[in-house]
file work-v5.cif (mmCIF, N, CA and C atoms)
data_target
#
loop_
_atom_site.label_atom_id
_atom_site.label_comp_id
_atom_site.auth_asym_id
_atom_site.auth_seq_id
_atom_site.Cartn_x
_atom_site.Cartn_y
_atom_site.Cartn_z
N MET A 1 1.82 11.78 -8.54
CA MET A 1 2.65 10.61 -8.81
C MET A 1 3.31 10.17 -7.50
N ILE A 2 3.48 8.87 -7.35
CA ILE A 2 4.11 8.34 -6.15
C ILE A 2 5.51 7.85 -6.47
N ASP A 3 6.33 7.81 -5.45
CA ASP A 3 7.68 7.25 -5.57
C ASP A 3 7.64 5.84 -5.03
N LEU A 4 7.88 4.88 -5.89
CA LEU A 4 7.89 3.49 -5.48
C LEU A 4 9.29 3.10 -5.03
N HIS A 5 9.37 2.16 -4.11
CA HIS A 5 10.66 1.69 -3.63
C HIS A 5 10.57 0.20 -3.33
N VAL A 6 11.73 -0.45 -3.26
CA VAL A 6 11.80 -1.87 -2.95
C VAL A 6 12.75 -2.06 -1.78
N ASP A 7 12.29 -2.80 -0.79
CA ASP A 7 13.11 -3.14 0.37
C ASP A 7 13.81 -4.47 0.08
N ARG A 8 15.09 -4.41 -0.17
CA ARG A 8 15.86 -5.60 -0.53
C ARG A 8 15.98 -6.59 0.64
N THR A 9 15.77 -6.12 1.87
CA THR A 9 15.88 -7.00 3.02
C THR A 9 14.59 -7.75 3.30
N SER A 10 13.52 -7.37 2.62
CA SER A 10 12.22 -7.99 2.85
C SER A 10 12.15 -9.37 2.19
N THR A 11 11.35 -10.23 2.79
CA THR A 11 11.11 -11.55 2.18
C THR A 11 9.98 -11.48 1.15
N VAL A 12 9.32 -10.34 1.08
CA VAL A 12 8.23 -10.14 0.12
C VAL A 12 8.84 -9.86 -1.25
N PRO A 13 8.40 -10.55 -2.29
CA PRO A 13 8.95 -10.31 -3.63
C PRO A 13 8.79 -8.84 -4.04
N ALA A 14 9.74 -8.36 -4.83
CA ALA A 14 9.75 -6.95 -5.24
C ALA A 14 8.46 -6.54 -5.94
N TYR A 15 7.95 -7.38 -6.84
CA TYR A 15 6.72 -7.01 -7.55
C TYR A 15 5.56 -6.85 -6.57
N ALA A 16 5.49 -7.71 -5.55
CA ALA A 16 4.41 -7.64 -4.56
C ALA A 16 4.55 -6.38 -3.71
N GLN A 17 5.77 -5.95 -3.43
CA GLN A 17 5.98 -4.71 -2.69
C GLN A 17 5.44 -3.53 -3.50
N LEU A 18 5.68 -3.54 -4.81
CA LEU A 18 5.19 -2.46 -5.67
C LEU A 18 3.66 -2.45 -5.70
N VAL A 19 3.07 -3.62 -5.83
CA VAL A 19 1.60 -3.73 -5.84
C VAL A 19 1.03 -3.18 -4.54
N THR A 20 1.63 -3.58 -3.42
CA THR A 20 1.16 -3.13 -2.12
C THR A 20 1.24 -1.61 -1.99
N GLN A 21 2.33 -1.03 -2.45
CA GLN A 21 2.49 0.43 -2.36
C GLN A 21 1.43 1.16 -3.16
N VAL A 22 1.11 0.66 -4.35
CA VAL A 22 0.08 1.31 -5.17
C VAL A 22 -1.29 1.15 -4.49
N ARG A 23 -1.57 -0.05 -3.99
CA ARG A 23 -2.85 -0.28 -3.31
C ARG A 23 -2.99 0.61 -2.07
N GLU A 24 -1.90 0.74 -1.30
CA GLU A 24 -1.95 1.60 -0.12
C GLU A 24 -2.16 3.06 -0.52
N ALA A 25 -1.51 3.50 -1.59
CA ALA A 25 -1.68 4.87 -2.06
C ALA A 25 -3.12 5.12 -2.49
N LEU A 26 -3.75 4.12 -3.08
CA LEU A 26 -5.16 4.24 -3.46
C LEU A 26 -6.04 4.34 -2.22
N ARG A 27 -5.77 3.51 -1.23
CA ARG A 27 -6.56 3.54 0.01
C ARG A 27 -6.42 4.87 0.75
N MET A 28 -5.22 5.43 0.72
CA MET A 28 -4.96 6.67 1.45
C MET A 28 -5.38 7.91 0.65
N GLY A 29 -5.79 7.73 -0.59
CA GLY A 29 -6.20 8.87 -1.40
C GLY A 29 -5.04 9.60 -2.05
N VAL A 30 -3.83 9.02 -1.96
CA VAL A 30 -2.66 9.63 -2.60
C VAL A 30 -2.79 9.48 -4.11
N LEU A 31 -3.34 8.36 -4.55
CA LEU A 31 -3.61 8.12 -5.97
C LEU A 31 -5.11 8.09 -6.18
N ARG A 32 -5.54 8.69 -7.28
CA ARG A 32 -6.96 8.73 -7.64
C ARG A 32 -7.11 8.35 -9.11
N PRO A 33 -8.31 7.94 -9.50
CA PRO A 33 -8.52 7.61 -10.90
C PRO A 33 -8.06 8.75 -11.81
N GLY A 34 -7.34 8.36 -12.85
CA GLY A 34 -6.80 9.33 -13.80
C GLY A 34 -5.33 9.64 -13.55
N ASP A 35 -4.85 9.39 -12.34
CA ASP A 35 -3.43 9.64 -12.04
C ASP A 35 -2.56 8.63 -12.79
N GLN A 36 -1.39 9.08 -13.18
CA GLN A 36 -0.46 8.21 -13.88
C GLN A 36 0.54 7.60 -12.91
N LEU A 37 0.79 6.31 -13.08
CA LEU A 37 1.83 5.65 -12.29
C LEU A 37 3.19 6.00 -12.91
N PRO A 38 4.25 5.87 -12.12
CA PRO A 38 5.59 6.11 -12.68
C PRO A 38 5.83 5.16 -13.85
N THR A 39 6.62 5.60 -14.81
CA THR A 39 6.92 4.74 -15.95
C THR A 39 7.73 3.54 -15.49
N VAL A 40 7.64 2.48 -16.26
CA VAL A 40 8.42 1.28 -15.95
C VAL A 40 9.90 1.64 -15.87
N ARG A 41 10.36 2.42 -16.81
CA ARG A 41 11.77 2.81 -16.84
C ARG A 41 12.18 3.56 -15.57
N SER A 42 11.33 4.48 -15.09
CA SER A 42 11.69 5.25 -13.89
C SER A 42 11.70 4.37 -12.65
N VAL A 43 10.79 3.38 -12.58
CA VAL A 43 10.78 2.47 -11.43
C VAL A 43 12.00 1.56 -11.48
N VAL A 44 12.34 1.08 -12.66
CA VAL A 44 13.53 0.25 -12.83
C VAL A 44 14.77 1.00 -12.34
N THR A 45 14.88 2.26 -12.73
CA THR A 45 16.03 3.07 -12.34
C THR A 45 16.04 3.35 -10.84
N ALA A 46 14.89 3.75 -10.29
CA ALA A 46 14.81 4.12 -8.88
C ALA A 46 14.98 2.92 -7.95
N CYS A 47 14.45 1.78 -8.36
CA CYS A 47 14.44 0.60 -7.49
C CYS A 47 15.49 -0.43 -7.84
N THR A 48 16.20 -0.20 -8.92
CA THR A 48 17.18 -1.17 -9.44
C THR A 48 16.60 -2.58 -9.49
N VAL A 49 15.48 -2.69 -10.19
CA VAL A 49 14.85 -3.99 -10.41
C VAL A 49 14.76 -4.23 -11.91
N ASN A 50 14.48 -5.45 -12.26
CA ASN A 50 14.32 -5.84 -13.66
C ASN A 50 13.00 -5.28 -14.20
N PRO A 51 12.97 -4.85 -15.45
CA PRO A 51 11.71 -4.35 -16.01
C PRO A 51 10.56 -5.35 -15.90
N SER A 52 10.86 -6.64 -15.99
CA SER A 52 9.79 -7.64 -15.89
C SER A 52 9.14 -7.63 -14.50
N THR A 53 9.89 -7.23 -13.48
CA THR A 53 9.34 -7.11 -12.13
C THR A 53 8.27 -6.03 -12.09
N VAL A 54 8.57 -4.88 -12.67
CA VAL A 54 7.62 -3.76 -12.69
C VAL A 54 6.42 -4.12 -13.56
N LEU A 55 6.69 -4.72 -14.71
CA LEU A 55 5.60 -5.12 -15.59
C LEU A 55 4.67 -6.13 -14.92
N LYS A 56 5.24 -7.05 -14.15
CA LYS A 56 4.42 -8.03 -13.43
C LYS A 56 3.53 -7.33 -12.41
N ALA A 57 4.09 -6.37 -11.68
CA ALA A 57 3.30 -5.61 -10.70
C ALA A 57 2.18 -4.85 -11.39
N TYR A 58 2.51 -4.14 -12.44
CA TYR A 58 1.50 -3.35 -13.15
C TYR A 58 0.44 -4.25 -13.78
N ARG A 59 0.84 -5.43 -14.27
CA ARG A 59 -0.11 -6.37 -14.86
C ARG A 59 -1.07 -6.90 -13.78
N GLU A 60 -0.54 -7.18 -12.58
CA GLU A 60 -1.41 -7.64 -11.49
C GLU A 60 -2.41 -6.55 -11.10
N LEU A 61 -1.96 -5.32 -11.05
CA LEU A 61 -2.86 -4.20 -10.74
C LEU A 61 -3.92 -4.04 -11.83
N GLU A 62 -3.51 -4.27 -13.07
CA GLU A 62 -4.44 -4.15 -14.19
C GLU A 62 -5.49 -5.26 -14.13
N LEU A 63 -5.05 -6.48 -13.83
CA LEU A 63 -5.99 -7.61 -13.75
C LEU A 63 -6.99 -7.42 -12.62
N SER A 64 -6.60 -6.69 -11.58
CA SER A 64 -7.52 -6.44 -10.48
C SER A 64 -8.40 -5.21 -10.73
N GLY A 65 -8.25 -4.59 -11.90
CA GLY A 65 -9.12 -3.48 -12.28
C GLY A 65 -8.73 -2.14 -11.68
N LEU A 66 -7.52 -2.04 -11.15
CA LEU A 66 -7.11 -0.80 -10.51
C LEU A 66 -6.37 0.16 -11.43
N VAL A 67 -5.72 -0.36 -12.45
CA VAL A 67 -5.00 0.48 -13.41
C VAL A 67 -5.28 0.00 -14.83
N GLU A 68 -4.97 0.88 -15.77
CA GLU A 68 -5.05 0.49 -17.18
C GLU A 68 -3.84 1.02 -17.91
N ALA A 69 -3.30 0.17 -18.76
CA ALA A 69 -2.16 0.57 -19.58
C ALA A 69 -2.69 1.19 -20.87
N ARG A 70 -2.15 2.35 -21.21
CA ARG A 70 -2.53 3.03 -22.45
C ARG A 70 -1.32 3.04 -23.36
N GLN A 71 -1.46 2.39 -24.50
CA GLN A 71 -0.36 2.25 -25.44
C GLN A 71 0.31 3.59 -25.73
N GLY A 72 1.58 3.67 -25.43
CA GLY A 72 2.36 4.87 -25.73
C GLY A 72 2.17 6.01 -24.74
N ALA A 73 1.24 5.87 -23.79
CA ALA A 73 0.98 6.96 -22.85
C ALA A 73 1.38 6.62 -21.42
N GLY A 74 1.33 5.34 -21.05
CA GLY A 74 1.70 4.95 -19.70
C GLY A 74 0.62 4.15 -19.02
N THR A 75 0.73 4.03 -17.71
CA THR A 75 -0.22 3.28 -16.90
C THR A 75 -0.95 4.25 -15.98
N PHE A 76 -2.27 4.18 -16.00
CA PHE A 76 -3.10 5.14 -15.28
C PHE A 76 -4.03 4.44 -14.31
N VAL A 77 -4.30 5.09 -13.20
CA VAL A 77 -5.24 4.57 -12.21
C VAL A 77 -6.64 4.61 -12.80
N SER A 78 -7.34 3.48 -12.71
CA SER A 78 -8.69 3.42 -13.25
C SER A 78 -9.71 2.97 -12.20
N GLY A 79 -9.25 2.54 -11.04
CA GLY A 79 -10.15 2.06 -10.00
C GLY A 79 -9.86 2.72 -8.67
N GLU A 80 -10.67 2.38 -7.70
CA GLU A 80 -10.52 2.96 -6.36
C GLU A 80 -10.53 1.85 -5.32
N LEU A 81 -9.95 2.14 -4.19
CA LEU A 81 -10.00 1.24 -3.03
C LEU A 81 -10.41 2.07 -1.83
N GLY A 82 -11.31 1.55 -1.06
CA GLY A 82 -11.72 2.27 0.14
C GLY A 82 -12.57 3.48 -0.19
N ALA A 83 -13.39 3.84 0.75
CA ALA A 83 -14.25 5.00 0.56
C ALA A 83 -14.16 5.94 1.75
N ALA A 84 -13.07 5.85 2.49
CA ALA A 84 -12.93 6.67 3.69
C ALA A 84 -12.69 8.13 3.32
N ASP A 85 -13.22 9.00 4.13
CA ASP A 85 -13.02 10.44 3.96
C ASP A 85 -11.54 10.75 4.14
N PRO A 86 -10.92 11.45 3.18
CA PRO A 86 -9.49 11.76 3.28
C PRO A 86 -9.12 12.52 4.55
N HIS A 87 -10.01 13.36 5.04
CA HIS A 87 -9.74 14.11 6.27
C HIS A 87 -9.72 13.19 7.48
N VAL A 88 -10.64 12.22 7.49
CA VAL A 88 -10.67 11.24 8.57
C VAL A 88 -9.40 10.40 8.52
N MET A 89 -9.02 9.97 7.32
CA MET A 89 -7.79 9.18 7.17
C MET A 89 -6.58 9.96 7.66
N ALA A 90 -6.50 11.23 7.33
CA ALA A 90 -5.36 12.05 7.76
C ALA A 90 -5.33 12.18 9.28
N ARG A 91 -6.49 12.38 9.87
CA ARG A 91 -6.56 12.50 11.34
C ARG A 91 -6.15 11.20 12.01
N LEU A 92 -6.66 10.08 11.51
CA LEU A 92 -6.32 8.79 12.09
C LEU A 92 -4.85 8.45 11.87
N ARG A 93 -4.31 8.84 10.72
CA ARG A 93 -2.89 8.60 10.45
C ARG A 93 -2.03 9.36 11.44
N ALA A 94 -2.39 10.60 11.73
CA ALA A 94 -1.63 11.40 12.70
C ALA A 94 -1.71 10.77 14.09
N SER A 95 -2.88 10.28 14.46
CA SER A 95 -3.03 9.61 15.77
C SER A 95 -2.17 8.35 15.82
N PHE A 96 -2.19 7.60 14.74
CA PHE A 96 -1.40 6.38 14.71
C PHE A 96 0.10 6.69 14.73
N ALA A 97 0.51 7.76 14.07
CA ALA A 97 1.92 8.15 14.09
C ALA A 97 2.37 8.46 15.51
N ARG A 98 1.52 9.14 16.27
CA ARG A 98 1.84 9.41 17.67
C ARG A 98 1.95 8.10 18.46
N TRP A 99 0.98 7.21 18.24
CA TRP A 99 1.00 5.91 18.92
C TRP A 99 2.26 5.13 18.56
N ALA A 100 2.62 5.12 17.28
CA ALA A 100 3.82 4.39 16.84
C ALA A 100 5.07 4.95 17.51
N GLY A 101 5.11 6.26 17.68
CA GLY A 101 6.23 6.88 18.40
C GLY A 101 6.29 6.41 19.84
N GLN A 102 5.13 6.32 20.48
CA GLN A 102 5.07 5.82 21.86
C GLN A 102 5.51 4.36 21.93
N ALA A 103 5.11 3.58 20.95
CA ALA A 103 5.50 2.17 20.91
C ALA A 103 7.02 2.05 20.76
N ARG A 104 7.59 2.87 19.90
CA ARG A 104 9.05 2.86 19.70
C ARG A 104 9.76 3.26 20.99
N GLU A 105 9.25 4.29 21.66
CA GLU A 105 9.84 4.73 22.93
C GLU A 105 9.73 3.65 23.99
N ALA A 106 8.70 2.81 23.91
CA ALA A 106 8.51 1.72 24.87
C ALA A 106 9.39 0.52 24.53
N GLY A 107 10.12 0.61 23.43
CA GLY A 107 11.04 -0.46 23.06
C GLY A 107 10.50 -1.48 22.08
N LEU A 108 9.31 -1.25 21.55
CA LEU A 108 8.76 -2.19 20.58
C LEU A 108 9.49 -2.06 19.25
N GLU A 109 9.72 -3.19 18.62
CA GLU A 109 10.30 -3.22 17.29
C GLU A 109 9.18 -3.33 16.27
N ALA A 110 9.51 -3.16 15.01
CA ALA A 110 8.50 -3.18 13.94
C ALA A 110 7.68 -4.46 13.98
N GLU A 111 8.32 -5.60 14.18
CA GLU A 111 7.58 -6.87 14.22
C GLU A 111 6.64 -6.93 15.42
N ASP A 112 7.06 -6.33 16.54
CA ASP A 112 6.17 -6.27 17.72
C ASP A 112 4.92 -5.47 17.39
N VAL A 113 5.12 -4.34 16.72
CA VAL A 113 3.99 -3.47 16.35
C VAL A 113 3.07 -4.19 15.38
N ARG A 114 3.65 -4.86 14.38
CA ARG A 114 2.82 -5.61 13.43
C ARG A 114 2.00 -6.68 14.13
N ALA A 115 2.62 -7.40 15.05
CA ALA A 115 1.92 -8.46 15.78
C ALA A 115 0.79 -7.86 16.62
N LEU A 116 1.06 -6.75 17.26
CA LEU A 116 0.05 -6.08 18.08
C LEU A 116 -1.13 -5.63 17.23
N ILE A 117 -0.84 -5.02 16.10
CA ILE A 117 -1.90 -4.55 15.20
C ILE A 117 -2.71 -5.73 14.67
N ALA A 118 -2.02 -6.80 14.27
CA ALA A 118 -2.72 -7.98 13.75
C ALA A 118 -3.64 -8.57 14.81
N SER A 119 -3.19 -8.62 16.06
CA SER A 119 -4.03 -9.18 17.11
C SER A 119 -5.25 -8.31 17.37
N VAL A 120 -5.08 -7.00 17.33
CA VAL A 120 -6.21 -6.09 17.54
C VAL A 120 -7.21 -6.23 16.39
N LEU A 121 -6.72 -6.29 15.16
CA LEU A 121 -7.62 -6.43 14.01
C LEU A 121 -8.37 -7.76 14.06
N ALA A 122 -7.68 -8.83 14.45
CA ALA A 122 -8.33 -10.14 14.56
C ALA A 122 -9.41 -10.11 15.64
N GLU A 123 -9.09 -9.50 16.77
CA GLU A 123 -10.07 -9.39 17.85
C GLU A 123 -11.27 -8.55 17.42
N GLU A 124 -11.00 -7.46 16.72
CA GLU A 124 -12.07 -6.60 16.21
C GLU A 124 -12.97 -7.36 15.25
N ALA A 125 -12.37 -8.17 14.38
CA ALA A 125 -13.16 -8.97 13.43
C ALA A 125 -14.02 -9.99 14.15
N ARG A 126 -13.45 -10.63 15.17
CA ARG A 126 -14.25 -11.60 15.96
C ARG A 126 -15.41 -10.91 16.64
N THR A 127 -15.15 -9.75 17.25
CA THR A 127 -16.20 -8.99 17.94
C THR A 127 -17.28 -8.55 16.97
N ALA A 128 -16.87 -8.05 15.81
CA ALA A 128 -17.84 -7.61 14.81
C ALA A 128 -18.68 -8.79 14.32
N GLY A 129 -18.05 -9.94 14.17
CA GLY A 129 -18.77 -11.15 13.73
C GLY A 129 -19.81 -11.59 14.74
N LYS A 130 -19.47 -11.50 16.03
CA LYS A 130 -20.41 -11.87 17.08
C LYS A 130 -21.58 -10.90 17.14
N GLU A 131 -21.29 -9.63 16.97
CA GLU A 131 -22.35 -8.61 17.02
C GLU A 131 -23.28 -8.73 15.83
N GLY A 132 -22.75 -9.22 14.72
CA GLY A 132 -23.57 -9.38 13.51
C GLY A 132 -24.34 -10.68 13.48
N GLY A 133 -24.24 -11.47 14.56
CA GLY A 133 -24.97 -12.73 14.61
C GLY A 133 -24.18 -13.90 14.05
N VAL A 134 -22.94 -13.67 13.65
CA VAL A 134 -22.12 -14.75 13.12
C VAL A 134 -21.18 -15.20 14.23
N ALA A 135 -21.16 -16.49 14.49
CA ALA A 135 -20.30 -16.98 15.59
C ALA A 135 -19.08 -17.66 15.05
#

call {"tool": "encode", "arguments": {"input": "work-v5.cif", "output": "structure tokens"}}
result
Amino acid sequence: MIDLHVDRTSTVPAYAQLVTQVREALRMGVLRPGDQLPTVRSVVTACTVNPSTVLKAYRELELSGLVEARQGAGTFVSGELGAADPHVMARLRASFARWAGQAREAGLEAEDVRALIASVLAEEARTAGKEGGVA
């Protein structure tokens, strides 16, 4: 089970933050098919959000085929995201954590890091497109 949280200072709506956290947990292998998501009540209590916020997030995840609600039992993971080897993901996460520490020591703020990552991913996508014959 994962602990969901909401960043009140974020401009991202609370339900979208919850959806993102579940999707990231699926990608990282923290959640797998059959795992149960926290109950609506527990998320409401932990995040101090309205129950409709949690229900909206869970409904969006259900519509995308990632979870299923079981009457009286809860919400369970039914789909997967990503197919990366969990060991490879763990190794890359550790490398990135070291890099993030170096970035922080160099004075970069979170937005600087996000911008840097976005630019690298965009460049990588352009390069991959050119190599694949797509210009």

call {"tool": "residues_around", "arguments": {"input": "work-v5.cif", "residues": "A:Cys47", "least_positions_apart": "3", "cutoff": "8 Å", "atoms": "only C-alpha atoms", "output": "JSON, numbers by chain"}}
result
{"A": [4, 5, 6, 43, 44]}

call {"tool": "resolve_selection", "arguments": {"input": "work-v5.cif", "expression": "the PyMOL selection byres ((chain A and resi 34) around 8)", "output": "compact mmCIF listing (two decimals) with N, CA and C atoms, in the frame of the given file"}}
result
# COMPACT_ATOMS: atom_id res chain seq x y z
N LEU A 31 -3.34 8.36 -4.55
CA LEU A 31 -3.61 8.12 -5.97
C LEU A 31 -5.11 8.09 -6.18
N ARG A 32 -5.54 8.69 -7.28
CA ARG A 32 -6.96 8.73 -7.64
C ARG A 32 -7.11 8.35 -9.11
N PRO A 33 -8.31 7.94 -9.50
CA PRO A 33 -8.52 7.61 -10.90
C PRO A 33 -8.06 8.75 -11.81
N ASP A 35 -4.85 9.39 -12.34
CA ASP A 35 -3.43 9.64 -12.04
C ASP A 35 -2.56 8.63 -12.79
N GLN A 36 -1.39 9.08 -13.18
CA GLN A 36 -0.46 8.21 -13.88
C GLN A 36 0.54 7.60 -12.91
N LEU A 37 0.79 6.31 -13.08
CA LEU A 37 1.83 5.65 -12.29
C LEU A 37 3.19 6.00 -12.91
N THR A 75 0.73 4.03 -17.71
CA THR A 75 -0.22 3.28 -16.90
C THR A 75 -0.95 4.25 -15.98
N PHE A 76 -2.27 4.18 -16.00
CA PHE A 76 -3.10 5.14 -15.28
C PHE A 76 -4.03 4.44 -14.31
N VAL A 77 -4.30 5.09 -13.20
CA VAL A 77 -5.24 4.57 -12.21
C VAL A 77 -6.64 4.61 -12.80
N SER A 78 -7.34 3.48 -12.71
CA SER A 78 -8.69 3.42 -13.25
C SER A 78 -9.71 2.97 -12.20
N GLY A 79 -9.25 2.54 -11.04
CA GLY A 79 -10.15 2.06 -10.00
C GLY A 79 -9.86 2.72 -8.67

call {"tool": "atom_distance", "arguments": {"input": "work-v5.cif", "atom1": "atom C of A:Glu80", "atom2": "atom CA of A:Leu66"}}
result
6.8 Å

call {"tool": "select_by_dssp", "arguments": {"input": "work-v5.cif", "residues": "chain A", "states": "strand (DSSP E or B)", "output": "CSV table (one decimal) with N, CA and C atoms, in the frame of the given file"}}
result
chain,number,residue,atom,x,y,z
A,36,GLN,N,-1.4,9.1,-13.2
A,36,GLN,CA,-0.5,8.2,-13.9
A,36,GLN,C,0.5,7.6,-12.9
A,67,VAL,N,-5.7,-0.4,-12.4
A,67,VAL,CA,-5.0,0.5,-13.4
A,67,VAL,C,-5.3,0.0,-14.8
A,68,GLU,N,-5.0,0.9,-15.8
A,68,GLU,CA,-5.0,0.5,-17.2
A,68,GLU,C,-3.8,1.0,-17.9
A,69,ALA,N,-3.3,0.2,-18.8
A,69,ALA,CA,-2.2,0.6,-19.6
A,69,ALA,C,-2.7,1.2,-20.9
A,70,ARG,N,-2.2,2.4,-21.2
A,70,ARG,CA,-2.5,3.0,-22.4
A,70,ARG,C,-1.3,3.0,-23.4
A,74,GLY,N,1.3,5.3,-21.0
A,74,GLY,CA,1.7,5.0,-19.7
A,74,GLY,C,0.6,4.2,-19.0
A,75,THR,N,0.7,4.0,-17.7
A,75,THR,CA,-0.2,3.3,-16.9
A,75,THR,C,-1.0,4.2,-16.0
A,76,PHE,N,-2.3,4.2,-16.0
A,76,PHE,CA,-3.1,5.1,-15.3
A,76,PHE,C,-4.0,4.4,-14.3
A,77,VAL,N,-4.3,5.1,-13.2
A,77,VAL,CA,-5.2,4.6,-12.2
A,77,VAL,C,-6.6,4.6,-12.8

call {"tool": "atom_distance", "arguments": {"input": "work-v5.cif", "atom1": "atom CA of A:Ser52", "atom2": "atom CA of A:Pro38"}}
result
14.7 Å

call {"tool": "select_by_dssp", "arguments": {"input": "work-v5.cif", "residues": "chain A", "states": "alpha helix (DSSP H)", "output": "ChimeraX atom specification"}}
result
/A:14-28,40-47,51-63,86-105,110-131

call {"tool": "atom_distance", "arguments": {"input": "work-v5.cif", "atom1": "atom CA of A:Thr45", "atom2": "atom CA of A:Ala110"}}
result
28.0 Å

call {"tool": "residues_around", "arguments": {"input": "work-v5.cif", "residues": "stretch 40-42 of chain A", "least_positions_apart": "4", "cutoff": "6.5 Å", "atoms": "all atoms listed in the file", "output": "PyMOL selection string"}}
result
chain A and resi 46-47+51+54-55

call {"tool": "build_atoms", "arguments": {"input": "work-v5.cif", "residues": "stretch 95-101 of chain A", "atoms": "all heavy atoms", "output": "PDB file, keeping the file's coordinate frame"}}
result
ATOM      1  N   SER A  95      -2.880  10.280  14.460  1.00  0.00           N
ATOM      2  CA  SER A  95      -3.030   9.610  15.770  1.00  0.00           C
ATOM      3  C   SER A  95      -2.170   8.350  15.820  1.00  0.00           C
ATOM      4  O   SER A  95      -1.505   8.080  16.823  1.00  0.00           O
ATOM      5  CB  SER A  95      -4.487   9.217  16.014  1.00  0.00           C
ATOM      6  OG  SER A  95      -5.288  10.344  16.141  1.00  0.00           O
ATOM      7  N   PHE A  96      -2.190   7.600  14.740  1.00  0.00           N
ATOM      8  CA  PHE A  96      -1.400   6.380  14.710  1.00  0.00           C
ATOM      9  C   PHE A  96       0.100   6.690  14.730  1.00  0.00           C
ATOM     10  O   PHE A  96       0.871   5.970  15.374  1.00  0.00           O
ATOM     11  CB  PHE A  96      -1.743   5.530  13.487  1.00  0.00           C
ATOM     12  CG  PHE A  96      -0.971   4.249  13.445  1.00  0.00           C
ATOM     13  CD1 PHE A  96      -1.230   3.240  14.362  1.00  0.00           C
ATOM     14  CD2 PHE A  96       0.029   4.058  12.517  1.00  0.00           C
ATOM     15  CE1 PHE A  96      -0.495   2.064  14.352  1.00  0.00           C
ATOM     16  CE2 PHE A  96       0.775   2.890  12.499  1.00  0.00           C
ATOM     17  CZ  PHE A  96       0.502   1.885  13.413  1.00  0.00           C
ATOM     18  N   ALA A  97       0.510   7.760  14.070  1.00  0.00           N
ATOM     19  CA  ALA A  97       1.920   8.150  14.090  1.00  0.00           C
ATOM     20  C   ALA A  97       2.370   8.460  15.510  1.00  0.00           C
ATOM     21  O   ALA A  97       3.476   8.078  15.927  1.00  0.00           O
ATOM     22  CB  ALA A  97       2.160   9.342  13.164  1.00  0.00           C
ATOM     23  N   ARG A  98       1.520   9.140  16.270  1.00  0.00           N
ATOM     24  CA  ARG A  98       1.840   9.410  17.670  1.00  0.00           C
ATOM     25  C   ARG A  98       1.950   8.100  18.460  1.00  0.00           C
ATOM     26  O   ARG A  98       2.869   7.901  19.240  1.00  0.00           O
ATOM     27  CB  ARG A  98       0.795  10.337  18.307  1.00  0.00           C
ATOM     28  CG  ARG A  98       0.929  11.792  17.876  1.00  0.00           C
ATOM     29  CD  ARG A  98       0.029  12.710  18.701  1.00  0.00           C
ATOM     30  NE  ARG A  98      -1.391  12.396  18.596  1.00  0.00           N
ATOM     31  CZ  ARG A  98      -2.185  12.794  17.600  1.00  0.00           C
ATOM     32  NH1 ARG A  98      -1.697  13.552  16.633  1.00  0.00           N
ATOM     33  NH2 ARG A  98      -3.463  12.473  17.584  1.00  0.00           N
ATOM     34  N   TRP A  99       0.980   7.210  18.240  1.00  0.00           N
ATOM     35  CA  TRP A  99       1.000   5.910  18.920  1.00  0.00           C
ATOM     36  C   TRP A  99       2.260   5.130  18.560  1.00  0.00           C
ATOM     37  O   TRP A  99       2.896   4.521  19.430  1.00  0.00           O
ATOM     38  CB  TRP A  99      -0.253   5.115  18.562  1.00  0.00           C
ATOM     39  CG  TRP A  99      -0.268   3.766  19.203  1.00  0.00           C
ATOM     40  CD1 TRP A  99      -0.742   3.460  20.439  1.00  0.00           C
ATOM     41  CD2 TRP A  99       0.253   2.555  18.670  1.00  0.00           C
ATOM     42  NE1 TRP A  99      -0.550   2.119  20.693  1.00  0.00           N
ATOM     43  CE2 TRP A  99       0.063   1.547  19.623  1.00  0.00           C
ATOM     44  CE3 TRP A  99       0.869   2.224  17.458  1.00  0.00           C
ATOM     45  CZ2 TRP A  99       0.451   0.233  19.417  1.00  0.00           C
ATOM     46  CZ3 TRP A  99       1.270   0.916  17.256  1.00  0.00           C
ATOM     47  CH2 TRP A  99       1.060  -0.065  18.223  1.00  0.00           C
ATOM     48  N   ALA A 100       2.620   5.120  17.280  1.00  0.00           N
ATOM     49  CA  ALA A 100       3.820   4.390  16.840  1.00  0.00           C
ATOM     50  C   ALA A 100       5.070   4.950  17.510  1.00  0.00           C
ATOM     51  O   ALA A 100       5.972   4.200  17.891  1.00  0.00           O
ATOM     52  CB  ALA A 100       3.947   4.450  15.317  1.00  0.00           C
ATOM     53  N   GLY A 101       5.110   6.260  17.680  1.00  0.00           N
ATOM     54  CA  GLY A 101       6.230   6.880  18.400  1.00  0.00           C
ATOM     55  C   GLY A 101       6.290   6.410  19.840  1.00  0.00           C
ATOM     56  O   GLY A 101       7.373   6.125  20.374  1.00  0.00           O
TER      57      GLY A 101
END
